>>> print(open('final_8.cif').read())   # mmCIF, C-alpha atoms and all ligand atoms
data_query
#
loop_
_atom_site.label_atom_id
_atom_site.label_comp_id
_atom_site.auth_asym_id
_atom_site.auth_seq_id
_atom_site.Cartn_x
_atom_site.Cartn_y
_atom_site.Cartn_z
CA MET W 30 90.29 116.87 105.93
CA PRO W 31 93.01 114.20 105.74
CA ASP W 32 94.52 113.94 102.29
CA LEU W 33 96.26 110.84 100.91
CA SER W 34 98.83 112.65 98.77
CA ALA W 35 99.73 115.09 101.54
CA MET W 36 100.07 112.20 104.00
CA LEU W 37 102.35 110.30 101.58
CA GLU W 38 104.50 113.40 101.15
CA ARG W 39 105.11 113.39 104.89
CA GLY W 40 106.05 109.71 105.03
CA PRO W 41 104.87 106.13 104.56
CA VAL W 42 101.15 105.41 104.93
CA VAL W 43 99.92 102.25 106.64
CA CYS W 44 96.63 100.63 105.67
CA ALA W 45 95.02 97.67 107.44
CA GLU W 46 92.89 95.41 105.28
CA GLY W 47 91.64 91.86 105.82
CA TYR W 48 88.28 92.54 107.48
CA LEU W 49 86.63 89.48 105.92
CA PHE W 50 89.05 86.99 107.43
CA GLU W 51 89.19 88.66 110.82
CA CYS W 52 85.39 88.96 111.19
CA GLU W 53 85.09 85.32 110.08
CA ARG W 54 87.68 84.26 112.64
CA ARG W 55 85.75 86.15 115.35
CA GLY W 56 82.56 84.29 114.43
CA TYR W 57 80.54 87.04 112.76
CA LEU W 58 80.84 86.14 109.10
CA GLN W 59 80.57 82.93 107.10
CA ALA W 60 83.56 81.53 105.22
CA GLY W 61 82.63 80.46 101.72
CA ALA W 62 79.89 83.03 101.17
CA PHE W 63 82.23 85.73 102.55
CA VAL W 64 79.54 88.42 102.57
CA PRO W 65 80.09 91.22 105.11
CA GLU W 66 76.67 90.89 106.80
CA VAL W 67 78.44 91.71 110.07
CA VAL W 68 78.25 95.35 109.05
CA LEU W 69 74.46 95.24 109.60
CA ASN W 70 74.19 92.48 112.19
CA HIS W 71 77.05 93.51 114.47
CA PRO W 72 78.34 96.95 113.51
CA GLU W 73 80.03 97.22 116.91
CA VAL W 74 82.38 94.39 115.91
CA VAL W 75 83.42 96.21 112.74
CA GLU W 76 83.82 99.49 114.59
CA GLU W 77 86.00 97.86 117.22
CA LEU W 78 88.18 96.27 114.55
CA HIS W 79 88.60 99.64 112.82
CA ARG W 80 89.65 101.10 116.17
CA GLU W 81 92.08 98.27 116.89
CA PHE W 82 93.73 98.71 113.50
CA VAL W 83 94.05 102.48 113.96
CA HIS W 84 95.40 101.93 117.48
CA ALA W 85 97.96 99.58 115.92
CA GLY W 86 99.04 102.15 113.34
CA SER W 87 96.67 102.12 110.37
CA ASP W 88 96.41 105.57 108.78
CA VAL W 89 93.41 104.45 106.74
CA VAL W 90 89.97 103.28 107.85
CA GLU W 91 88.68 101.19 104.99
CA ALA W 92 84.89 100.89 104.94
CA PHE W 93 84.04 97.23 105.10
CA THR W 94 82.24 96.92 101.77
CA TYR W 95 84.53 94.23 100.40
CA TYR W 96 82.22 91.73 98.65
CA GLY W 97 79.33 93.98 99.67
CA HIS W 98 78.49 94.46 96.01
CA ARG W 99 75.43 93.57 93.97
CA GLN W 100 76.85 90.44 92.29
CA LYS W 101 77.96 88.86 95.54
CA LEU W 102 74.76 89.69 97.42
CA ARG W 103 72.69 88.28 94.55
CA ILE W 104 74.49 84.93 94.91
CA VAL W 105 73.42 84.70 98.55
CA GLY W 106 69.92 86.02 97.81
CA GLN W 107 70.40 89.24 99.75
CA GLU W 108 70.43 91.93 97.11
CA ASP W 109 67.91 93.85 99.23
CA ILE W 110 70.55 94.63 101.86
CA LEU W 111 72.99 96.11 99.32
CA GLU W 112 72.39 99.80 99.95
CA PRO W 113 71.88 99.63 103.74
CA LEU W 114 75.01 97.49 104.06
CA ASN W 115 77.13 99.92 102.08
CA ARG W 116 75.79 103.00 103.83
CA GLN W 117 76.22 101.42 107.24
CA ALA W 118 79.79 100.28 106.48
CA LEU W 119 80.69 103.78 105.37
CA ALA W 120 79.02 105.38 108.40
CA VAL W 121 80.84 103.06 110.82
CA ALA W 122 84.19 103.69 109.13
CA ALA W 123 83.55 107.44 108.94
CA GLY W 124 82.84 107.58 112.66
CA VAL W 125 86.24 106.07 113.48
CA ALA W 126 88.15 107.96 110.79
CA ARG W 127 86.80 111.37 111.80
CA GLN W 128 87.45 110.72 115.48
CA THR W 129 91.01 109.58 114.89
CA GLY W 130 92.09 111.92 112.06
CA THR W 131 92.72 109.02 109.71
CA LEU W 132 91.77 108.66 106.05
CA LEU W 133 88.27 107.42 105.26
CA ALA W 134 88.47 105.01 102.33
CA GLY W 135 85.57 103.67 100.32
CA ASN W 136 86.18 100.29 98.76
CA VAL W 137 85.38 98.45 95.56
CA CYS W 138 86.77 95.07 94.61
CA ASN W 139 86.74 92.12 92.25
CA THR W 140 83.16 91.37 91.21
CA ASN W 141 83.80 87.77 90.13
CA VAL W 142 81.53 88.18 87.11
CA TYR W 143 83.83 90.32 84.95
CA GLU W 144 85.24 88.86 81.73
CA PRO W 145 86.84 91.05 79.07
CA GLY W 146 84.27 92.03 76.47
CA SER W 147 81.49 90.03 78.12
CA SER W 148 77.89 91.10 78.50
CA ALA W 149 78.55 91.48 82.25
CA VAL W 150 80.77 94.54 81.75
CA PRO W 151 77.93 97.10 81.95
CA GLN W 152 76.64 95.59 85.22
CA VAL W 153 80.16 95.57 86.64
CA ARG W 154 80.47 99.25 85.82
CA ALA W 155 77.04 99.94 87.33
CA ALA W 156 78.08 98.11 90.51
CA PHE W 157 81.19 100.27 90.83
CA GLU W 158 79.14 103.40 90.14
CA GLU W 159 76.65 102.75 92.92
CA GLN W 160 79.32 101.84 95.48
CA VAL W 161 81.52 104.81 94.60
CA ALA W 162 78.52 107.16 94.73
CA TRP W 163 77.62 105.95 98.25
CA ALA W 164 81.25 106.40 99.33
CA ALA W 165 81.37 109.90 97.88
CA GLU W 166 78.12 110.80 99.68
CA ALA W 167 79.64 109.53 102.93
CA GLY W 168 82.56 111.91 102.45
CA ALA W 169 85.25 109.36 101.59
CA ASP W 170 88.73 110.85 101.26
CA MET W 171 89.75 108.18 98.76
CA ILE W 172 88.63 104.90 97.25
CA ILE W 173 90.57 101.65 97.44
CA ALA W 174 89.97 99.49 94.35
CA GLU W 175 91.48 96.18 95.35
CA THR W 176 92.15 92.53 94.70
CA PHE W 177 91.71 92.72 90.95
CA SER W 178 93.10 89.93 88.84
CA TRP W 179 91.71 91.43 85.62
CA LEU W 180 93.43 94.62 84.47
CA GLY W 181 90.31 95.64 82.55
CA GLU W 182 88.11 95.34 85.63
CA ALA W 183 90.52 97.47 87.66
CA LEU W 184 90.62 100.13 84.96
CA LEU W 185 86.81 100.16 84.90
CA ALA W 186 86.71 100.73 88.67
CA LEU W 187 89.39 103.39 88.37
CA ALA W 188 87.49 105.27 85.66
CA VAL W 189 84.39 105.36 87.88
CA ILE W 190 86.42 106.62 90.86
CA ARG W 191 88.12 109.32 88.79
CA ASP W 192 84.72 110.41 87.41
CA ALA W 193 83.66 110.92 91.03
CA GLY W 194 86.74 113.11 91.55
CA LEU W 195 88.25 110.95 94.30
CA PRO W 196 91.85 109.75 94.71
CA ALA W 197 92.24 106.06 93.91
CA VAL W 198 94.48 103.35 95.28
CA VAL W 199 94.45 100.45 92.81
CA THR W 200 95.91 97.11 93.83
CA PHE W 201 96.16 93.86 91.91
CA ALA W 202 96.00 90.28 93.19
CA VAL W 203 98.63 88.14 91.50
CA HIS W 204 97.92 84.44 91.40
CA ARG W 205 100.26 81.47 91.08
CA ASP W 206 101.75 82.02 87.63
CA GLY W 207 102.74 85.61 88.39
CA THR W 208 100.52 87.28 85.81
CA LEU W 209 97.01 88.69 85.80
CA ARG W 210 94.16 86.76 84.20
CA ASP W 211 94.50 88.69 80.95
CA GLU W 212 98.16 87.64 81.07
CA SER W 213 99.49 91.13 81.63
CA ARG W 214 102.41 91.37 83.99
CA PRO W 215 101.72 93.10 87.33
CA GLU W 216 104.12 95.95 86.56
CA GLU W 217 102.41 96.59 83.22
CA ALA W 218 98.99 96.59 84.91
CA CYS W 219 100.27 99.06 87.50
CA ARG W 220 101.77 101.26 84.78
CA GLN W 221 98.41 101.39 82.99
CA ALA W 222 96.57 102.17 86.22
CA GLU W 223 98.99 105.01 86.88
CA GLN W 224 98.44 106.39 83.39
CA ALA W 225 94.68 106.18 83.94
CA GLY W 226 94.97 108.41 86.99
CA ALA W 227 95.51 106.23 90.07
CA SER W 228 97.29 108.01 92.92
CA VAL W 229 98.78 104.78 94.23
CA VAL W 230 99.19 101.45 92.41
CA GLY W 231 100.44 98.11 93.64
CA LEU W 232 99.62 94.66 94.92
CA ASN W 233 97.39 93.26 97.63
CA CYS W 234 96.17 89.92 98.90
CA ILE W 235 96.87 86.38 97.63
CA ARG W 236 100.67 86.43 98.08
CA GLY W 237 102.59 86.43 101.32
CA PRO W 238 105.57 88.68 102.01
CA ARG W 239 108.18 86.36 100.52
CA THR W 240 106.47 85.93 97.15
CA MET W 241 105.16 89.47 96.83
CA LEU W 242 108.47 91.26 97.39
CA PRO W 243 110.14 90.26 94.08
CA LEU W 244 107.09 91.53 92.15
CA LEU W 245 107.19 94.83 93.99
CA GLU W 246 110.67 95.56 92.76
CA ARG W 247 109.39 95.34 89.17
CA VAL W 248 106.32 97.46 89.92
CA ARG W 249 108.45 100.13 91.59
CA ALA W 250 110.70 100.30 88.52
CA ALA W 251 107.74 100.57 86.13
CA VAL W 252 105.84 103.51 87.65
CA SER W 253 106.60 106.93 89.04
CA CYS W 254 103.62 107.26 91.41
CA GLU W 255 103.48 105.84 94.94
CA VAL W 256 103.39 102.04 95.20
CA ALA W 257 101.24 99.92 97.53
CA ALA W 258 102.07 96.54 99.07
CA LEU W 259 99.59 94.65 101.22
CA PRO W 260 100.49 90.94 101.34
CA VAL W 261 98.61 88.28 103.24
CA PRO W 262 100.46 87.33 106.43
CA TYR W 263 101.15 83.77 105.37
CA ARG W 264 104.39 81.94 104.64
CA THR W 265 104.00 81.47 100.90
CA THR W 266 106.97 79.97 99.05
CA GLU W 267 108.38 79.68 95.53
CA ALA W 268 106.65 76.29 95.23
CA GLU W 269 103.40 77.52 96.82
CA PRO W 270 103.43 81.24 96.04
CA THR W 271 99.83 82.05 97.03
CA MET W 272 97.68 81.41 100.08
CA GLN W 273 95.39 79.31 97.88
CA ALA W 274 98.35 77.15 96.86
CA LEU W 275 99.47 76.34 100.41
CA ARG W 276 99.12 72.67 101.37
CA ASP W 277 99.46 71.58 104.98
CA PRO W 278 101.73 68.53 105.43
CA ALA W 279 100.38 68.05 108.97
CA ARG W 280 96.90 67.51 107.51
CA GLY W 281 97.74 65.10 104.72
CA GLY W 282 98.59 67.83 102.25
CA ALA W 283 95.11 69.39 102.44
CA GLN W 284 94.53 72.84 100.98
CA ALA W 285 94.83 75.33 103.82
CA PHE W 286 92.77 78.15 102.24
CA PRO W 287 90.70 79.71 103.60
CA THR W 288 90.03 78.47 107.14
CA SER W 289 93.10 76.37 107.94
CA LEU W 290 95.89 78.79 107.19
CA ASP W 291 96.80 79.21 110.86
CA PRO W 292 99.99 77.07 110.78
CA PHE W 293 101.33 79.24 107.94
CA THR W 294 100.78 82.56 109.73
CA CYS W 295 103.75 84.92 109.64
CA THR W 296 105.14 86.28 112.84
CA ARG W 297 104.93 89.99 113.48
CA GLU W 298 108.69 90.14 112.95
CA GLU W 299 108.31 88.74 109.44
CA LEU W 300 105.76 91.43 108.59
CA GLY W 301 108.06 94.09 110.01
CA GLU W 302 110.97 92.75 107.95
CA PHE W 303 108.79 92.75 104.86
CA ALA W 304 107.71 96.36 105.45
CA ALA W 305 111.32 97.48 105.93
CA ALA W 306 112.41 95.67 102.76
CA ALA W 307 109.51 97.11 100.74
CA LEU W 308 110.23 100.59 102.06
CA ALA W 309 113.86 100.18 101.02
CA LEU W 310 112.61 99.51 97.49
CA GLY W 311 110.66 102.76 97.62
CA VAL W 312 107.24 101.28 98.43
CA ARG W 313 105.54 103.74 100.76
CA TYR W 314 101.92 102.60 101.10
CA LEU W 315 102.11 99.48 103.22
CA GLY W 316 99.70 97.17 104.93
CA VAL W 317 98.46 93.65 105.39
CA CYS W 318 95.48 91.91 103.79
CA CYS W 319 93.48 88.73 104.61
CA GLY W 320 94.72 87.29 107.89
CA ALA W 321 95.93 90.63 109.24
CA ALA W 322 95.69 91.13 112.97
CA PRO W 323 96.60 94.26 114.93
CA HIS W 324 100.02 92.92 115.98
CA HIS W 325 100.94 92.61 112.28
CA ILE W 326 99.82 96.17 111.60
CA ARG W 327 101.82 97.50 114.54
CA ALA W 328 104.91 95.68 113.28
CA VAL W 329 104.49 97.25 109.83
CA ALA W 330 103.92 100.70 111.32
CA GLU W 331 106.96 100.47 113.58
CA ALA W 332 109.14 99.11 110.77
CA VAL W 333 108.48 102.26 108.75
CA GLY W 334 109.27 104.54 111.68
CA LYS W 335 105.86 105.18 113.20
CA VAL W 336 104.95 105.08 116.87
CA PRO W 337 101.25 104.20 117.03
CA PRO W 338 99.38 104.23 120.37
CA ALA W 339 99.79 100.42 120.56
CA SER W 340 103.58 100.86 120.65
CA ARG W 341 103.18 101.69 124.32
CA TYR W 342 102.72 97.95 124.74
CA SER W 343 105.31 96.71 122.28
CA PRO W 344 107.35 93.84 123.69
CA ASP W 345 110.13 94.45 126.17
CA MET W 346 111.51 91.07 127.14
CA SER W 347 114.03 92.63 129.52
CA LYS W 348 111.13 92.70 132.00
CA HIS W 349 110.31 89.00 131.66
CA SER W 350 110.47 87.05 134.92
CA PHE W 351 112.67 84.29 133.50
CA LEU W 352 114.13 85.56 130.22
CA GLY W 353 114.60 89.17 131.31
CA THR W 354 117.65 91.18 132.30
CA ALA W 355 116.03 93.90 134.45
CA PRO W 356 117.71 94.38 137.87
CA ASP W 357 114.74 93.01 139.84
CA ILE W 358 114.63 89.66 138.04
CA ALA W 359 115.72 86.93 140.47
CA PRO W 360 119.04 85.39 139.30
CA SER W 361 117.79 81.91 140.21
CA TYR W 362 114.84 82.44 137.86
CA GLN W 363 117.18 83.67 135.13
CA ASP W 364 119.23 80.49 135.60
CA TYR W 365 116.09 78.39 135.42
CA ALA W 366 115.27 80.01 132.05
CA ALA W 367 117.44 77.46 130.25
CA ARG W 368 115.09 74.71 131.49
CA LEU W 369 111.84 76.39 130.35
ZN ZN W 401 92.98 89.81 101.05
#
>>> encode(input="final_8.cif", output="structure tokens")
Amino acid sequence: MPDLSAMLERGPVVCAEGYLFECERRGYLQAGAFVPEVVLNHPEVVEELHREFVHAGSDVVEAFTYYGHRQKLRIVGQEDILEPLNRQALAVAAGVARQTGTLLAGNVCNTNVYEPGSSAVPQVRAAFEEQVAWAAEAGADMIIAETFSWLGEALLALAVIRDAGLPAVVTFAVHRDGTLRDESRPEEACRQAEQAGASVVGLNCIRGPRTMLPLLERVRAAVSCEVAALPVPYRTTEAEPTMQALRDPARGGAQAFPTSLDPFTCTREELGEFAAAALALGVRYLGVCCGAAPHHIRAVAEAVGKVPPASRYSPDMSKHSFLGTAPDIAPSYQDYAARL
């Protein structure tokens, strides 16, 4: 069976995330509600996306159970599909992972009802327990506990995962002010997650490459375990450090999140440069979150020295009819290139 620690000993591990955004973009999931009904209604779409991400270099097939938890399904009046949705997501992911020799990851995430010390804490724990149990039954190699902005909620998820005896990747979502909601600094949260038994700790979602990188340096210095970095592929800035903060000047300064982020999308080169920079810091579990497409994943994989199947089709502009330099390109067309 594939093993996360063994894989990380051999080299960097790439993990594609961002299934919610991509299924929404493809027309199989509703923005706003953001419930992964596609898993039941169109499992072939989810399977194909898993395959595309693996083809592009993802070493991990993450079961699409993000927001497939009891609290979220209750909000949309679909609590009855909770268990079938989770089991189906795990079965679809397992099929691809076992065929491709990649890691099968279960997934738990922010519940959006957690508050420190609140009466919701027992139901949050119960929600993690049922999702982790289904993942364990499906033979998950690891569990990704992601997008937490409460340290306490992440530690709760981690405790449940460790009780199930599975390796855990714990990643925090860092909003505008650079701290978590309980005001702990990301590096302190990661240090505590490491101490509580996470195999990999780090950051995912919310921040783009440019505004995640400085935080990663601090996380790397604070822990001794492997560090994860999975930014969103959007051009966040010092002034607008998160995808929620981005305002589009071409649309009167309207908030771009979540369905109008297109003009802020990073190029594949930017994701590759981010991955190389993060690797240079010693961050060895790399990926892309909401907004990720296969060309981003391939760029990350190639930047850390991998040659995924999709690299067969990586760009070679020397063959281009106007911009190329290959011997068979007509010189008159090369000359015309300046007028394109
Ligand atoms: Zn995300």
>>> atom_distance(input="final_8.cif", atom1="atom CA of W:Thr240", atom2="atom CA of W:Pro270")
5.7 Å
>>> closest_atom_pairs(input="final_8.cif", of="chain W", to="ligand ZN 401 (chain W)", cutoff="12 Å", atoms="all atoms listed in the file", output="Markdown table")
| residue | atom | partner | partner_atom | distance |
| --- | --- | --- | --- | --- |
| W:Ala45 | CA | W:ZN401 | ZN | 10.3 |
| W:Glu46 | CA | W:ZN401 | ZN | 7.0 |
| W:Gly47 | CA | W:ZN401 | ZN | 5.4 |
| W:Tyr48 | CA | W:ZN401 | ZN | 8.4 |
| W:Leu49 | CA | W:ZN401 | ZN | 8.0 |
| W:Phe50 | CA | W:ZN401 | ZN | 8.0 |
| W:Glu51 | CA | W:ZN401 | ZN | 10.5 |
| W:Phe63 | CA | W:ZN401 | ZN | 11.6 |
| W:Tyr95 | CA | W:ZN401 | ZN | 9.6 |
| W:Tyr96 | CA | W:ZN401 | ZN | 11.2 |
| W:Cys138 | CA | W:ZN401 | ZN | 10.4 |
| W:Asn139 | CA | W:ZN401 | ZN | 11.0 |
| W:Glu175 | CA | W:ZN401 | ZN | 8.7 |
| W:Thr176 | CA | W:ZN401 | ZN | 7.0 |
| W:Phe177 | CA | W:ZN401 | ZN | 10.6 |
| W:Thr200 | CA | W:ZN401 | ZN | 10.7 |
| W:Phe201 | CA | W:ZN401 | ZN | 10.5 |
| W:Ala202 | CA | W:ZN401 | ZN | 8.4 |
| W:Val203 | CA | W:ZN401 | ZN | 11.2 |
| W:Leu232 | CA | W:ZN401 | ZN | 10.3 |
| W:Asn233 | CA | W:ZN401 | ZN | 6.6 |
| W:Cys234 | CA | W:ZN401 | ZN | 3.8 |
| W:Ile235 | CA | W:ZN401 | ZN | 6.2 |
| W:Arg236 | CA | W:ZN401 | ZN | 8.9 |
| W:Gly237 | CA | W:ZN401 | ZN | 10.2 |
| W:Ala258 | CA | W:ZN401 | ZN | 11.5 |
| W:Leu259 | CA | W:ZN401 | ZN | 8.2 |
| W:Pro260 | CA | W:ZN401 | ZN | 7.6 |
| W:Val261 | CA | W:ZN401 | ZN | 6.2 |
| W:Pro262 | CA | W:ZN401 | ZN | 9.5 |
| W:Tyr263 | CA | W:ZN401 | ZN | 11.0 |
| W:Thr271 | CA | W:ZN401 | ZN | 11.1 |
| W:Met272 | CA | W:ZN401 | ZN | 9.7 |
| W:Gln273 | CA | W:ZN401 | ZN | 11.2 |
| W:Phe286 | CA | W:ZN401 | ZN | 11.7 |
| W:Pro287 | CA | W:ZN401 | ZN | 10.7 |
| W:Gly316 | CA | W:ZN401 | ZN | 10.7 |
| W:Val317 | CA | W:ZN401 | ZN | 8.0 |
| W:Cys318 | CA | W:ZN401 | ZN | 4.3 |
| W:Cys319 | CA | W:ZN401 | ZN | 3.8 |
| W:Gly320 | CA | W:ZN401 | ZN | 7.5 |
| W:Ala321 | CA | W:ZN401 | ZN | 8.7 |
>>> atom_distance(input="final_8.cif", atom1="atom CA of W:Leu308", atom2="atom CA of W:Ala123")
28.4 Å
>>> closest_residue(input="final_8.cif", among="W:Ser350, W:Thr131, W:Gln100, W:Gln59", to="W:Asp88", atoms="only C-alpha atoms")
W:Thr131
>>> residues_around(input="final_8.cif", residues="W:Val105", least_positions_apart="5", cutoff="12 Å", atoms="all atoms listed in the file", output="VMD selection string")
chain W and resid 59 61 to 66 96 to 100 110 to 111
>>> closest_residue(input="final_8.cif", among="W:Glu255, W:Asp345, W:Asp206, W:Asp277", to="W:Arg220", atoms="only C-alpha atoms")
W:Glu255
